[in-house]
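Heads up, the thing below is written out as structure tokens.
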Amino acid sequence: MYLKSLTLNGFKSFAKKGELEFSTAITAIVGPNGSGKSNVAEAFRFVLGEQSIKSMRGKRGEDLIFNGSTSVSRANRASVTITLDNAPKNGNRIFPLDFDEITIERVVNRDGTNEYAINGSKTRLKDVQELLAVANIGPTGHHIISQGEADRILSASPRERREMIEDALGLKVYQFKKLESERKLKKTQENIVQVEALRREVVPHLKFLERQIKKFERSQALQAELQMVYAEYLKREDTYIAFHYDRLTLAKRVPEERRAELAHIFHDAQEKLKKSERNEARDELLQLEKNIREARERRQNMARKEGQLEGQIVFLERQIQEHTKKQEREDDTPIPRAELKKVFAHIETGSTSALQSGDVKSLSRVLTDVLKSFHMLLTHTFNRDEVSIGERLTEEHAVLCNDREVMVREIAHIEAEEAKLARVYEEMKKAIETEGEESRDAERKLFAIMQEQRDVEQTIDKLERELMVIERDRQEFKNELQEAVSLIGRKVGMYFEFEVVDELGVVPHERIVSEERSLQYNRKKELERMKIRLEELGMGSGEEVLKEYNEVKARDEFLVREITDLTESVQKLEALIQELTNDLNEQFVAGIEKIGTEFNRFFILMFGGGGAELLRVKPKVRAPKEEDVALEIDMQEETEVEEGIEIDVKLPNKKVHGLDMLSGGERALTSIALIFAMSQVNPPLFVILDETDAALDEANSRRYGDMISALAERSQLILITHNRETMGRAGVLYGVTMAGDGVSKLLSVKFDEAVTVAK
Ligand code: ATP
């Protein structure tokens, strides 16, 4: 006994609170027409979640609320509460709620809004439906047969019938589960689409970041490589420059010193040369030449004059001879003593002083005087006239001789002077010649010095050029070092300790410094190439990219996991749906089989023969219209599932078969048989039958009563009836009355009362 009670308050004609308790297997509700019995059946529908107002004989929710009467004012809300037993039986509760009793309340307000509550807690309709589905109380209401609705199951379409049967078979739980799963599946598929969309956004970014990372890794590798190449390059460069700088600086010192020396030597030599080149000597020489020339001219003049004197002297001497000859003839002429004494005195005076001086010149003059004096004495004419001519000639001759002597002496003097000048001239000329020789020597020396200077300069130049190259290299080395620091940071410093190694092992210092320079330039070119590659790869902070990459990667992985999880869910749900579909189909097929058997049994029982069967049919697929072609596949899929139920009956002793051939009563019996069959296979907690028995004659009423008794063993029955036979089967009877106030009232009645009330 699961159904415990039903409370109505403001529902339809039940203006006031009224309660029905269902303590027995069969409860009959009796009362006159229009008293509100069917409203009770509808109250069941209402509280169980019926959404069709029409099926409760209303147009709007408001129609379900007591509308007032002449004496009673209308209600604001209609409420119906059903109480179900949920105490564990054989350790199991029928409803999955930890309560021994479950009340479900539904309220409808005048504004048409509905409220649901389970055990006083507000809930949704869906929760109510799901809860009830567990107890096989579905919304199709197969267990609530309203008045005049007895053959609803017969008039329904095969598809509607299938739904009712599924409901009756308790497959609604599966249906709900399936629907829920399908809803979840849809949601999950939508999620997948969403997550995939998210991932589509993430993936290109990730790819981009991956490329960045690769770039960064390549950049890192390149940097490491660059570091090594740099180390070797810098080590070699440093070694080379240091060595050659020292070498050249040292090498330069010798020629530079020599240059300074040569400058001195050159200066001296130049001075010397300058001196030797002076023209003083030449001027002197010219002066000498002039002097010699003048002396010669003077001498020649003198010689000419002397020649003239000579001529005069010769002429005079001839005159003197002639005169003497004339005188000789006069030799016998005595010389006066006084004259002799005079001559003697003159000689004596002269010779005495000459002898005293001892001078040869003086002596020769004295001698000449003596000769002259005697000559005059001899030639002296004492004949006065004759004597004076002789004297005059001799005197004149003496003067001329004297002159000539002076001249000769003069000439001799000039000649001596000339000879002296010539000698000086010769000497000087010789000296000048000698000096010329010397200056040529000095010149040669100077040239040699200059040559050496040029050589030295060349050497210095060469060394300086080399040094300049080294200086330039050194500057470049400094620049390179700075650039290296900016490129690979402090690790550059490792070049200090770096050992240059080749296939032969550690490269010795000598080989580094004597290496062909082009090799180092090639290394530099390689460095430049690497730098360009590095620049192309970019030197951005890899850490940030890595961080972002890891984040995005994590996000992508998360999304991938999500997709995997969701896909798994989809698969699980699909499997579940498939399983549920299979279960449904299986149980449906099995259920139909059982219902069919029961149906046939009840039918034979009712009609005393004949037969009834349930046929599973696939509705005929209508010829697809053009616009439906695209949906064909869907439709086919639908039709496959959409298996309907067809009913075939055969009455005893009649040839015709099929529902259409039945009379009203036969139809009622057939539907009752089917309803009962359905209830037998999967008995609902309760069945409400509203005047299902109205069309039955007495004999059939009895059979109906028997079936009810059988049915009551499996389900609680609430029977709204006017039928005596039916009333007789009930344990509890409720009478519904309606007085002049238009309000339905409930009262418990005895069988006899009931019979009266029903009338
Ligand atoms: P019968 O035996 O003829 O089938 P019944 O006992 O089943 O009759 P119901 O159809 O349950 O009677 O009751 C109908 C009565 O309920 C009518 O009198 C109707 O006026 C009344 N009724 C229906 N809806 C309301 C409402 N909203 N407010 C007041 N009364 C209502």
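How things are named: the first chain in the structure tokens is A, the next is B, and so on; residues count from 1 in each chain; ligands count from 1 in the order shown.
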
- Write as a ChimeraX atom specification the residues around ligand 1, taking 9 Å as the cut-off and counting only C-alpha atoms and all ligand atoms. /A:10-15,30-42,57-58,62-69,74-75,147,690-691,720-722,736-738,742-744,758

- Message: Please identify the strand (DSSP E or B) residues within region 445-687 of chain A (assignment by DSSP from backbone atoms) and present them as a ChimeraX atom specification.
- Response: /A:501-502,505-506,611-617,644-650,657,686-687

I need the chosen residues saved as an mmCIF file, in the first residue's frame, with C-alpha atoms.
data_model
loop_
_atom_site.group_PDB
_atom_site.id
_atom_site.type_symbol
_atom_site.label_atom_id
_atom_site.label_comp_id
_atom_site.auth_asym_id
_atom_site.auth_seq_id
_atom_site.Cartn_x
_atom_site.Cartn_y
_atom_site.Cartn_z
ATOM 1 C CA VAL A 501 93.312 23.355 -29.977
ATOM 2 C CA ASP A 502 93.415 21.730 -33.369
ATOM 3 C CA GLY A 505 96.412 19.191 -29.918
ATOM 4 C CA VAL A 506 97.054 22.453 -28.158
ATOM 5 C CA GLY A 611 -8.510 -13.371 -29.080
ATOM 6 C CA ALA A 612 -6.462 -10.163 -28.947
ATOM 7 C CA GLU A 613 -2.927 -9.336 -29.824
ATOM 8 C CA LEU A 614 -0.512 -6.462 -29.830
ATOM 9 C CA LEU A 615 1.459 -5.967 -32.997
ATOM 10 C CA ARG A 616 4.619 -3.994 -33.272
ATOM 11 C CA VAL A 617 4.426 -1.936 -36.449
ATOM 12 C CA GLY A 644 4.216 1.756 -32.917
ATOM 13 C CA ILE A 645 1.735 -0.669 -31.419
ATOM 14 C CA GLU A 646 -1.263 -1.853 -33.333
ATOM 15 C CA ILE A 647 -4.109 -3.785 -31.730
ATOM 16 C CA ASP A 648 -5.912 -6.631 -33.340
ATOM 17 C CA VAL A 649 -8.908 -8.318 -31.754
ATOM 18 C CA LYS A 650 -11.118 -11.146 -32.761
ATOM 19 C CA HIS A 657 -11.797 -8.569 -36.542
ATOM 20 C CA PHE A 686 -2.129 2.751 -8.001
ATOM 21 C CA VAL A 687 -4.716 2.796 -10.727
#

- Item | One-decimal distance in Å that lies between CA of Asn114 (chain A) and CA of Ala168 (chain A) | 26.3 Å

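Computed from the coordinates, the CA of Asp127 (chain A) to CA of Leu48 (chain A) distance equals 11.1 Å.
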
- Message: Could you check the closest approach to Ala260 (chain A) for each of A:Gln453, A:Gln212, A:Ser353, A:Thr692 and tell me which residue wins, using only C-alpha atoms?
- Response: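 Once distances to Ala260 (chain A) are computed over only C-alpha atoms, the minimum belongs to A:Gln453.
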
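Near region 225-227 of chain A, within 10 Å and counting only C-alpha atoms, sit A:Ser219, A:Gln220, A:Glu232, A:Tyr233, A:Ala484, A:Leu487, A:Ile488, A:Gly489, A:Lys491, A:Val492, A:Gly493, A:Met494, A:Tyr495, A:Glu526, A:Leu527, A:Glu528, A:Met530, A:Lys531, A:Leu534; same-chain residues fewer than 5 positions away were not included.
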